[in-house]
$ cat protein_26.tsv   # TSV, C-alpha atoms
chain	number	residue	atom	x	y	z
A	1	MET	CA	-12.42	-18.62	-18.73
A	2	ALA	CA	-15.71	-17.03	-17.69
A	3	ALA	CA	-17.72	-18.96	-15.10
A	4	THR	CA	-21.13	-20.38	-16.01
A	5	GLN	CA	-24.29	-19.62	-14.08
A	6	GLU	CA	-24.04	-22.99	-12.34
A	7	GLU	CA	-20.44	-22.38	-11.34
A	8	ILE	CA	-21.29	-18.94	-9.99
A	9	VAL	CA	-24.16	-20.24	-7.86
A	10	ALA	CA	-21.92	-23.02	-6.52
A	11	GLY	CA	-19.19	-20.47	-5.79
A	12	LEU	CA	-21.60	-18.14	-4.02
A	13	ALA	CA	-22.90	-21.10	-2.01
A	14	ASP	CA	-19.36	-21.85	-0.83
A	15	ILE	CA	-18.79	-18.21	0.08
A	16	VAL	CA	-22.09	-17.81	1.95
A	17	ASN	CA	-21.40	-21.07	3.75
A	18	GLU	CA	-17.94	-19.89	4.79
A	19	ILE	CA	-19.08	-16.44	5.93
A	20	ALA	CA	-22.53	-17.04	7.38
A	21	GLY	CA	-22.51	-20.80	8.00
A	22	ILE	CA	-25.52	-21.40	5.74
A	23	PRO	CA	-25.73	-24.94	4.23
A	24	VAL	CA	-24.63	-24.80	0.57
A	25	GLU	CA	-27.82	-26.51	-0.61
A	26	ASP	CA	-29.90	-23.59	0.73
A	27	VAL	CA	-28.20	-21.12	-1.59
A	28	GLN	CA	-30.55	-21.08	-4.61
A	29	LEU	CA	-31.18	-18.44	-7.28
A	30	ASP	CA	-34.50	-17.27	-5.80
A	31	LYS	CA	-33.19	-16.91	-2.23
A	32	SER	CA	-32.86	-13.45	-0.70
A	33	PHE	CA	-29.55	-12.93	1.10
A	34	THR	CA	-31.07	-11.04	4.02
A	35	ASP	CA	-34.54	-12.57	4.32
A	36	ASP	CA	-33.85	-16.24	3.48
A	37	LEU	CA	-30.15	-16.75	4.14
A	38	ASP	CA	-29.65	-14.56	7.22
A	39	VAL	CA	-26.79	-12.65	5.60
A	40	ASP	CA	-26.86	-9.20	7.20
A	41	SER	CA	-25.63	-5.99	5.55
A	42	LEU	CA	-22.09	-6.33	6.90
A	43	SER	CA	-21.75	-10.03	6.03
A	44	MET	CA	-23.05	-9.09	2.57
A	45	VAL	CA	-19.97	-6.88	2.15
A	46	GLU	CA	-17.77	-9.86	3.00
A	47	VAL	CA	-19.69	-12.02	0.51
A	48	VAL	CA	-19.23	-9.36	-2.17
A	49	VAL	CA	-15.48	-8.99	-1.56
A	50	ALA	CA	-15.02	-12.78	-1.64
A	51	ALA	CA	-17.06	-12.98	-4.87
A	52	GLU	CA	-14.95	-10.21	-6.43
A	53	GLU	CA	-11.80	-12.24	-5.79
A	54	ARG	CA	-13.25	-15.54	-6.90
A	55	PHE	CA	-14.86	-14.33	-10.12
A	56	ASP	CA	-12.50	-11.49	-11.05
A	57	VAL	CA	-15.24	-8.89	-11.00
A	58	LYS	CA	-15.62	-5.42	-9.43
A	59	ILE	CA	-18.82	-4.80	-7.49
A	60	PRO	CA	-18.90	-1.14	-6.36
A	61	ASP	CA	-20.63	-0.16	-3.11
A	62	GLU	CA	-23.47	1.55	-4.98
A	63	ASP	CA	-24.32	-1.71	-6.77
A	64	VAL	CA	-24.26	-3.91	-3.66
A	65	LYS	CA	-27.68	-2.71	-2.49
A	66	ASN	CA	-29.26	-3.96	-5.73
A	67	LEU	CA	-28.08	-7.52	-5.15
A	68	LYS	CA	-31.07	-8.73	-3.15
A	69	THR	CA	-31.11	-12.36	-4.23
A	70	VAL	CA	-28.59	-15.00	-5.19
A	71	GLY	CA	-30.01	-14.65	-8.73
A	72	ASP	CA	-29.29	-10.88	-8.73
A	73	ALA	CA	-25.69	-11.52	-7.72
A	74	THR	CA	-25.29	-14.34	-10.25
A	75	ASP	CA	-26.61	-12.16	-13.10
A	76	TYR	CA	-24.35	-9.30	-12.04
A	77	ILE	CA	-21.28	-11.53	-12.03
A	78	LEU	CA	-22.21	-13.18	-15.36
A	79	LYS	CA	-22.45	-9.73	-16.93
A	80	HIS	CA	-19.37	-8.14	-15.38
A	81	GLN	CA	-16.84	-10.94	-14.90
A	82	GLY	CA	-13.39	-10.44	-16.41
B	1	MET	CA	24.96	33.09	5.16
B	2	SER	CA	24.99	32.48	8.91
B	3	LYS	CA	25.21	28.91	10.05
B	4	ILE	CA	22.15	27.84	12.02
B	5	ARG	CA	22.75	25.46	14.90
B	6	PRO	CA	20.59	22.34	14.47
B	7	SER	CA	18.32	21.06	17.21
B	8	LYS	CA	19.36	17.87	18.97
B	9	GLY	CA	16.82	15.22	19.77
B	10	ALA	CA	16.68	11.74	21.24
B	11	PRO	CA	17.75	8.77	19.09
B	12	TYR	CA	14.30	7.20	19.32
B	13	ALA	CA	10.93	7.63	21.02
B	14	ARG	CA	8.54	5.32	22.84
B	15	ILE	CA	5.31	5.37	24.82
B	16	LEU	CA	6.20	5.63	28.50
B	17	GLY	CA	2.79	5.75	30.13
B	18	VAL	CA	-0.92	5.47	29.35
B	19	GLY	CA	-4.07	6.65	31.12
B	20	GLY	CA	-7.78	6.67	30.42
B	21	TYR	CA	-10.96	8.29	31.63
B	22	ARG	CA	-14.42	6.88	31.06
B	23	PRO	CA	-17.42	8.99	32.09
B	24	THR	CA	-19.31	7.83	35.17
B	25	ARG	CA	-22.62	7.26	33.38
B	26	VAL	CA	-22.84	3.83	31.79
B	27	VAL	CA	-25.47	3.67	29.06
B	28	PRO	CA	-26.86	0.23	28.17
B	29	ASN	CA	-28.56	-0.56	24.85
B	30	GLU	CA	-31.97	-0.31	26.56
B	31	VAL	CA	-31.52	3.47	26.79
B	32	ILE	CA	-30.68	3.69	23.07
B	33	LEU	CA	-33.84	1.70	22.29
B	34	GLU	CA	-35.98	4.49	23.75
B	35	THR	CA	-35.40	6.55	20.60
B	36	ILE	CA	-34.87	4.00	17.81
B	37	ASP	CA	-36.83	1.00	16.61
B	38	SER	CA	-34.27	-1.75	17.08
B	39	SER	CA	-33.33	-4.44	19.60
B	40	ASP	CA	-30.50	-5.26	21.99
B	41	GLU	CA	-29.80	-8.40	19.93
B	42	TRP	CA	-29.62	-6.41	16.67
B	43	ILE	CA	-27.23	-3.82	18.15
B	44	ARG	CA	-24.98	-6.52	19.62
B	45	SER	CA	-24.91	-8.59	16.45
B	46	ARG	CA	-24.08	-5.60	14.22
B	47	SER	CA	-21.58	-3.87	16.50
B	48	GLY	CA	-20.69	-5.97	19.54
B	49	ILE	CA	-21.62	-2.99	21.71
B	50	GLU	CA	-23.33	-3.74	25.03
B	51	THR	CA	-22.76	-0.46	26.88
B	52	ARG	CA	-21.05	2.87	26.35
B	53	HIS	CA	-20.24	5.84	28.59
B	54	TRP	CA	-21.84	9.26	28.15
B	55	ALA	CA	-20.31	12.35	29.72
B	56	ASN	CA	-22.24	14.69	32.03
B	57	ASP	CA	-21.91	18.49	32.11
B	58	GLU	CA	-18.84	18.35	34.37
B	59	GLU	CA	-17.09	15.76	32.23
B	60	THR	CA	-15.94	18.23	29.61
B	61	VAL	CA	-13.36	17.54	26.91
B	62	ALA	CA	-10.76	19.34	29.06
B	63	ALA	CA	-11.79	17.69	32.33
B	64	MET	CA	-11.71	14.16	30.89
B	65	SER	CA	-8.36	14.87	29.22
B	66	ILE	CA	-6.84	16.14	32.47
B	67	GLU	CA	-7.95	12.99	34.32
B	68	ALA	CA	-6.54	10.68	31.64
B	69	SER	CA	-3.33	12.69	31.34
B	70	GLY	CA	-2.71	12.68	35.09
B	71	LYS	CA	-2.82	8.88	35.03
B	72	ALA	CA	-0.54	8.70	31.98
B	73	ILE	CA	2.01	11.04	33.57
B	74	ALA	CA	1.99	9.00	36.81
B	75	ASP	CA	2.33	5.78	34.79
B	76	ALA	CA	5.32	7.26	32.90
B	77	GLY	CA	6.98	8.25	36.18
B	78	ILE	CA	7.90	11.74	35.03
B	79	SER	CA	6.99	15.12	36.48
B	80	VAL	CA	4.52	17.33	34.64
B	81	GLU	CA	7.09	20.12	34.20
B	82	GLN	CA	9.08	17.83	31.91
B	83	ILE	CA	6.30	17.81	29.33
B	84	GLY	CA	7.23	20.02	26.39
B	85	GLY	CA	4.25	19.35	24.13
B	86	VAL	CA	0.54	18.62	24.44
B	87	ILE	CA	-1.28	17.34	21.35
B	88	VAL	CA	-5.04	16.88	21.57
B	89	SER	CA	-6.99	15.05	18.89
B	90	THR	CA	-10.74	15.67	19.00
B	91	VAL	CA	-13.69	16.41	16.75
B	92	SER	CA	-16.15	17.11	19.54
B	93	HIS	CA	-14.81	20.15	21.39
B	94	PHE	CA	-17.29	22.88	20.57
B	95	LYS	CA	-15.18	25.90	21.38
B	96	GLN	CA	-12.54	25.86	18.70
B	97	THR	CA	-10.60	28.96	19.74
B	98	PRO	CA	-8.38	28.75	21.65
B	99	ALA	CA	-7.26	25.15	21.23
B	100	VAL	CA	-8.36	23.04	24.22
B	101	ALA	CA	-4.79	21.70	24.44
B	102	THR	CA	-3.69	25.04	25.93
B	103	GLU	CA	-6.21	24.79	28.78
B	104	ILE	CA	-5.19	21.19	29.44
B	105	ALA	CA	-1.46	22.07	29.42
B	106	ASP	CA	-2.11	24.91	31.87
B	107	LYS	CA	-4.39	23.03	34.26
B	108	LEU	CA	-2.05	20.05	34.36
B	109	GLY	CA	0.72	22.42	35.45
B	110	THR	CA	3.12	22.13	32.51
B	111	ASP	CA	5.78	24.79	32.12
B	112	LYS	CA	4.32	26.60	29.09
B	113	ALA	CA	4.36	23.41	26.97
B	114	ALA	CA	3.65	23.83	23.25
B	115	ALA	CA	-0.02	22.88	22.91
B	116	PHE	CA	-2.31	22.42	19.94
B	117	ASP	CA	-5.33	20.49	18.69
B	118	ILE	CA	-5.47	18.29	15.62
B	119	SER	CA	-8.43	16.99	13.66
B	120	ALA	CA	-7.93	13.53	12.19
B	121	GLY	CA	-11.11	11.76	13.29
B	122	CYS	CA	-10.66	8.18	14.40
B	123	ALA	CA	-7.06	8.21	13.14
B	124	GLY	CA	-6.25	11.10	15.49
B	125	PHE	CA	-4.28	9.05	17.99
B	126	GLY	CA	-1.90	7.72	15.33
B	127	TYR	CA	-1.51	11.17	13.82
B	128	GLY	CA	-0.72	12.65	17.24
B	129	LEU	CA	1.67	9.84	18.09
B	130	THR	CA	3.56	10.40	14.84
B	131	LEU	CA	3.85	14.12	15.50
B	132	ALA	CA	5.03	13.46	19.07
B	133	LYS	CA	7.70	11.03	17.88
B	134	GLY	CA	8.91	13.62	15.38
B	135	MET	CA	9.08	16.34	18.04
B	136	ILE	CA	11.12	14.13	20.37
B	137	VAL	CA	13.54	12.81	17.77
B	138	GLU	CA	13.92	16.27	16.24
B	139	GLY	CA	14.52	17.78	19.66
B	140	SER	CA	11.76	20.34	20.14
B	141	ALA	CA	10.35	18.50	23.17
B	142	GLU	CA	11.64	15.84	25.52
B	143	TYR	CA	8.26	14.48	26.58
B	144	VAL	CA	4.98	14.90	24.71
B	145	LEU	CA	1.46	14.16	25.88
B	146	VAL	CA	-0.82	12.77	23.18
B	147	ILE	CA	-4.50	12.86	24.06
B	148	GLY	CA	-7.48	11.45	22.17
B	149	VAL	CA	-10.72	12.77	23.62
B	150	GLU	CA	-14.32	12.81	22.47
B	151	ARG	CA	-17.82	13.63	23.60
B	152	LEU	CA	-19.44	11.95	20.62
B	153	SER	CA	-22.77	11.77	22.48
B	154	ASP	CA	-23.04	15.47	21.58
B	155	LEU	CA	-22.73	14.58	17.88
B	156	THR	CA	-25.04	11.55	17.89
B	157	ASP	CA	-28.46	11.57	16.25
B	158	LEU	CA	-30.38	9.45	18.74
B	159	GLU	CA	-33.13	8.91	16.17
B	160	ASP	CA	-30.80	7.43	13.55
B	161	ARG	CA	-31.05	3.66	13.95
B	162	ALA	CA	-27.79	3.12	12.02
B	163	THR	CA	-25.60	5.20	14.35
B	164	ALA	CA	-27.47	5.99	17.59
B	165	PHE	CA	-25.92	3.01	19.39
B	166	LEU	CA	-22.37	3.41	18.10
B	167	PHE	CA	-20.76	6.31	19.84
B	168	GLY	CA	-19.39	6.91	23.30
B	169	ASP	CA	-17.42	9.49	25.27
B	170	GLY	CA	-14.03	9.32	26.97
B	171	ALA	CA	-10.39	10.32	26.96
B	172	GLY	CA	-7.19	8.35	26.50
B	173	ALA	CA	-3.69	9.75	26.87
B	174	VAL	CA	-0.11	8.60	26.48
B	175	VAL	CA	3.22	10.14	27.42
B	176	VAL	CA	5.77	9.77	24.65
B	177	GLY	CA	9.42	10.28	25.54
B	178	PRO	CA	13.02	9.58	24.55
B	179	ALA	CA	14.34	6.03	24.14
B	180	GLN	CA	17.59	4.27	23.30
B	181	GLU	CA	15.76	1.62	21.23
B	182	PRO	CA	12.93	2.24	18.76
B	183	GLY	CA	9.57	2.00	20.60
B	184	ILE	CA	7.39	3.42	17.83
B	185	GLY	CA	7.78	2.05	14.31
B	186	PRO	CA	7.41	3.85	11.01
B	187	THR	CA	3.89	5.22	10.52
B	188	VAL	CA	1.91	4.19	7.46
B	189	TRP	CA	-0.67	6.94	7.10
B	190	GLY	CA	-2.64	8.86	4.56
B	191	SER	CA	-5.91	10.41	3.48
B	192	GLU	CA	-8.54	9.64	0.86
B	193	GLY	CA	-10.49	12.85	0.52
B	194	ASP	CA	-12.39	11.48	-2.47
B	195	LYS	CA	-14.28	9.37	0.08
B	196	SER	CA	-15.16	12.33	2.33
B	197	GLU	CA	-18.89	11.63	2.06
B	198	THR	CA	-18.52	8.16	3.61
B	199	ILE	CA	-18.28	9.43	7.22
B	200	LYS	CA	-19.11	13.04	7.96
B	201	GLN	CA	-20.88	15.65	10.02
B	202	THR	CA	-24.38	15.99	8.53
B	203	VAL	CA	-24.22	19.77	7.92
B	204	PRO	CA	-21.87	22.67	8.79
B	205	TRP	CA	-22.50	24.46	12.10
B	206	THR	CA	-23.52	27.56	10.15
B	207	ASP	CA	-26.46	25.75	8.53
B	208	TYR	CA	-27.81	25.05	12.00
B	209	ARG	CA	-27.13	28.59	13.18
B	210	ASP	CA	-28.94	30.00	10.15
B	211	GLY	CA	-31.96	27.80	10.72
B	212	GLU	CA	-31.48	25.86	7.47
B	213	VAL	CA	-31.80	22.60	9.41
B	214	ALA	CA	-33.79	21.91	12.56
B	215	LYS	CA	-31.51	19.17	13.90
B	216	PHE	CA	-28.13	19.83	15.53
B	217	PRO	CA	-25.34	18.41	13.33
B	218	ALA	CA	-24.43	14.76	13.95
B	219	ILE	CA	-22.03	12.18	12.60
B	220	THR	CA	-23.44	10.04	9.83
B	221	GLN	CA	-21.91	7.25	7.76
B	222	GLU	CA	-22.51	4.85	4.88
B	223	GLY	CA	-22.24	1.61	6.83
B	224	GLN	CA	-21.43	-0.87	4.05
B	225	ALA	CA	-18.89	1.39	2.35
B	226	VAL	CA	-17.17	2.11	5.67
B	227	PHE	CA	-17.13	-1.58	6.54
B	228	ARG	CA	-15.54	-2.58	3.23
B	229	TRP	CA	-12.89	0.14	3.41
B	230	ALA	CA	-12.17	-0.42	7.10
B	231	VAL	CA	-11.76	-4.18	6.81
B	232	PHE	CA	-10.14	-4.76	3.46
B	233	GLU	CA	-8.24	-1.56	2.71
B	234	MET	CA	-7.13	-1.08	6.32
B	235	ALA	CA	-5.91	-4.67	6.56
B	236	LYS	CA	-3.47	-3.77	3.77
B	237	VAL	CA	-2.34	-0.67	5.68
B	238	ALA	CA	-1.89	-2.72	8.86
B	239	LYS	CA	0.25	-5.21	6.93
B	240	GLU	CA	2.35	-2.39	5.51
B	241	ALA	CA	2.95	-0.96	8.99
B	242	LEU	CA	4.06	-4.36	10.21
B	243	GLU	CA	6.42	-4.78	7.26
B	244	ALA	CA	7.75	-1.23	7.69
B	245	ALA	CA	8.67	-2.14	11.27
B	246	GLY	CA	10.49	-5.22	9.98
B	247	LEU	CA	8.14	-7.61	11.76
B	248	SER	CA	5.83	-10.48	10.85
B	249	PRO	CA	2.44	-11.30	12.41
B	250	ASP	CA	4.18	-13.94	14.55
B	251	ASP	CA	6.22	-11.18	16.24
B	252	LEU	CA	3.08	-9.45	17.50
B	253	ASP	CA	1.69	-9.80	21.00
B	254	VAL	CA	-1.24	-7.41	20.73
B	255	PHE	CA	-3.50	-5.91	18.07
B	256	ILE	CA	-5.26	-2.65	18.94
B	257	PRO	CA	-7.39	-1.47	16.03
B	258	HIS	CA	-9.62	1.60	16.34
B	259	GLN	CA	-12.66	0.41	18.29
B	260	ALA	CA	-15.22	1.24	15.62
B	261	ASN	CA	-17.30	-1.89	15.62
B	262	GLU	CA	-16.54	-5.44	16.72
B	263	ARG	CA	-17.60	-6.82	13.33
B	264	ILE	CA	-14.88	-4.72	11.69
B	265	ILE	CA	-12.38	-5.99	14.27
B	266	ASP	CA	-13.40	-9.64	13.72
B	267	SER	CA	-13.20	-9.33	9.97
B	268	MET	CA	-9.85	-7.52	10.09
B	269	VAL	CA	-8.36	-10.22	12.31
B	270	LYS	CA	-9.55	-12.84	9.81
B	271	THR	CA	-8.25	-10.92	6.80
B	272	LEU	CA	-4.88	-10.29	8.47
B	273	LYS	CA	-4.66	-13.98	9.47
B	274	LEU	CA	-3.32	-12.98	12.88
B	275	PRO	CA	-1.92	-15.92	14.87
B	276	GLU	CA	-3.93	-17.26	17.83
B	277	HIS	CA	-1.46	-15.92	20.39
B	278	VAL	CA	-2.13	-12.27	19.45
B	279	THR	CA	-4.36	-10.52	22.00
B	280	VAL	CA	-7.03	-8.46	20.24
B	281	ALA	CA	-8.53	-5.34	21.87
B	282	ARG	CA	-12.32	-5.51	22.07
B	283	ASP	CA	-12.97	-2.54	24.33
B	284	VAL	CA	-15.75	-1.42	21.95
B	285	ARG	CA	-18.11	-3.82	23.74
B	286	THR	CA	-18.29	-1.66	26.85
B	287	THR	CA	-16.91	1.67	25.64
B	288	GLY	CA	-18.53	2.06	22.20
B	289	ASN	CA	-16.77	3.96	19.44
B	290	THR	CA	-14.90	6.89	21.01
B	291	SER	CA	-13.05	7.95	17.84
B	292	ALA	CA	-9.62	9.41	18.67
B	293	ALA	CA	-9.83	8.15	22.26
B	294	SER	CA	-10.47	4.50	21.40
B	295	ILE	CA	-6.92	3.22	20.91
B	296	PRO	CA	-5.36	4.66	24.10
B	297	LEU	CA	-8.48	3.67	26.08
B	298	ALA	CA	-8.24	0.10	24.75
B	299	MET	CA	-4.49	0.04	25.42
B	300	GLU	CA	-5.02	1.20	28.99
B	301	ARG	CA	-7.67	-1.46	29.62
B	302	LEU	CA	-5.60	-4.33	28.18
B	303	LEU	CA	-2.70	-3.37	30.46
B	304	ALA	CA	-4.98	-2.87	33.49
B	305	THR	CA	-6.63	-6.28	33.09
B	306	GLY	CA	-3.33	-8.04	32.46
B	307	GLU	CA	-4.37	-9.19	28.98
B	308	ALA	CA	-1.32	-7.29	27.73
B	309	LYS	CA	1.87	-6.42	29.56
B	310	SER	CA	4.54	-3.76	29.50
B	311	GLY	CA	7.06	-4.44	26.74
B	312	ASP	CA	4.58	-6.24	24.50
B	313	THR	CA	4.70	-5.45	20.80
B	314	ALA	CA	1.40	-3.99	19.56
B	315	LEU	CA	0.10	-3.12	16.13
B	316	VAL	CA	-2.17	-0.06	16.33
B	317	ILE	CA	-4.32	1.25	13.50
B	318	GLY	CA	-6.79	4.12	13.41
B	319	PHE	CA	-9.13	4.92	10.52
B	320	GLY	CA	-12.11	7.15	10.03
B	321	ALA	CA	-13.67	10.34	8.73
B	322	GLY	CA	-11.65	11.97	5.98
B	323	LEU	CA	-11.15	9.30	5.12
B	324	VAL	CA	-7.87	9.16	7.03
B	325	TYR	CA	-5.78	6.38	8.50
B	326	ALA	CA	-2.60	5.79	10.50
B	327	ALA	CA	-0.95	2.52	11.53
B	328	THR	CA	2.25	1.75	13.40
B	329	VAL	CA	3.83	-0.81	15.70
B	330	VAL	CA	4.58	0.24	19.28
B	331	THR	CA	6.14	-1.23	22.38
B	332	LEU	CA	3.56	-1.05	25.16
B	333	PRO	CA	4.48	1.05	28.21

$ encode --input "protein_26.tsv" --output "structure tokens"
Amino acid sequence: MAATQEEIVAGLADIVNEIAGIPVEDVQLDKSFTDDLDVDSLSMVEVVVAAEERFDVKIPDEDVKNLKTVGDATDYILKHQG
Amino acid sequence: MSKIRPSKGAPYARILGVGGYRPTRVVPNEVILETIDSSDEWIRSRSGIETRHWANDEETVAAMSIEASGKAIADAGISVEQIGGVIVSTVSHFKQTPAVATEIADKLGTDKAAAFDISAGCAGFGYGLTLAKGMIVEGSAEYVLVIGVERLSDLTDLEDRATAFLFGDGAGAVVVGPAQEPGIGPTVWGSEGDKSETIKQTVPWTDYRDGEVAKFPAITQEGQAVFRWAVFEMAKVAKEALEAAGLSPDDLDVFIPHQANERIIDSMVKTLKLPEHVTVARDVRTTGNTSAASIPLAMERLLATGEAKSGDTALVIGFGAGLVYAATVVTLP
């Protein structure tokens, strides 16, 4: 069953916490991965791969650069999840 | 039809000796920061690299190779005349004809050893090792020298903040010879030419010659795409190599991935779920990324420092421009 927006944000929060050690409560829709959450470009790749597995979605390299905020990633997953 | 007599080789092959050469000039991040807008902290956090070595005019591809090979031959305890093959993997030898392997074979004093260069980027060591094993088991050489050597400082764009800090120079060599027990496992290797744009030389030499570009060609890469492929796809290849050798992660003593970037190494170790007891090569910190030279250089250092010992079982994996990759399990010399 497709994940809801809330479930995706919670899932991303878990992933970002695991990879970058950011408290889950800091991961909000309007937060920028690089500027607010200290997720650098390489950690972002790890976040993306973990999100692909968790939400059964493919996020190609060329789309990763457009995922600036948690909201961008959530929308992308909502739209493309299997 | 006349019957052709088959060649007769050794039952198995193994690495018998290793040697390395690092150029005398040590280049700290401060020097890199003279030409790019970055910081020591940024470079360390993105790559783990603190220093690298850059070759001077005397430290040519041949000269560095000869130094490393001399050490490998001494370590193997054989005489140079016994070497029947010299395989050199490099992408940074700027005189392509004749192959630099012939000069190295001659200056080392081999007895007309078969000598040739290969181009397989950062997977070059694994490609060379696989060829050497084949030559020994097939019987066309008893001992083969496999050399990975680079002067990547010549192919570095010092104004590119994404790559200026990455590359280093050096040579690593191993002597491969006959064995009664398998010392080199099956190789899992391949190429993905559809991803050729991911890591590449900026332009062909001829574009520079013809004045179409002002800058000398350099190596460039798409960092995020390389990172994803290197960590997640290469972890699968590493697992396959381990399975092909009939081993599990618990059987490993040492993991020597291509020293591309410490972040790739960290992430690979995590993805592979390697047990705590496995020693992981992190030579990239003080040697930078030396492409084909990185695995034998890292192997030599682990043995020299005592972090690894002769007889240890090591998983080695190289991956890079092509894209190409090669992974196998070896017994350390």

$ residues_around --input "protein_26.tsv" --residues "region 318-331 of chain B" --least-positions-apart "2" --cutoff "6 Å" --atoms "all atoms listed in the file" --output "list in words"
Gly121, Cys122, Ala123, Gly126, Gly183, Ile184, Gly185, Thr187, Val188, Trp189, Gly190, Ser191, Glu192, Gly193, Lys195, Ser196, Ile199, Ala238, Ala241, His258, Gly311, Asp312, Thr313, Ala314, Leu315 and Val316 of chain B

$ residues_around --input "protein_26.tsv" --residues "Val269 (chain B)" --least-positions-apart "6" --cutoff "9 Å" --atoms "all atoms listed in the file" --output "count of residues only"
5

$ interface_residues --input "protein_26.tsv" --of "chain B" --to "chain A" --cutoff "8 Å" --atoms "all atoms listed in the file" --output "CSV table (one decimal) with C-alpha atoms, in the coordinates of the input"
chain,number,residue,atom,x,y,z
B,46,ARG,CA,-24.1,-5.6,14.2
B,223,GLY,CA,-22.2,1.6,6.8
B,224,GLN,CA,-21.4,-0.9,4.0
B,225,ALA,CA,-18.9,1.4,2.4
B,227,PHE,CA,-17.1,-1.6,6.5
B,228,ARG,CA,-15.5,-2.6,3.2
B,263,ARG,CA,-17.6,-6.8,13.3

$ closest_residue --input "protein_26.tsv" --among "A:His80, A:Ile59, A:Ala13, A:Ala51" --to "Leu37 (chain A)" --atoms "all atoms listed in the file"
A:Ala13

$ atom_distance --input "protein_26.tsv" --atom1 "CA of Glu150 (chain B)" --atom2 "CA of Arg282 (chain B)"
18.4 Å

$ residues_around --input "protein_26.tsv" --residues "Phe55 (chain A)" --least-positions-apart "3" --cutoff "10 Å" --atoms "only C-alpha atoms" --output "ChimeraX atom specification"
/A:1-3,7-8,11-12,50-52,58,77-78,80-82

$ residues_around --input "protein_26.tsv" --residues "region 68-75 of chain B" --least-positions-apart "4" --cutoff "9 Å" --atoms "all atoms listed in the file" --output "VMD selection string"
chain B and resid 16 to 22 63 to 64 79 to 80 104 108 145 to 147 170 to 175 333
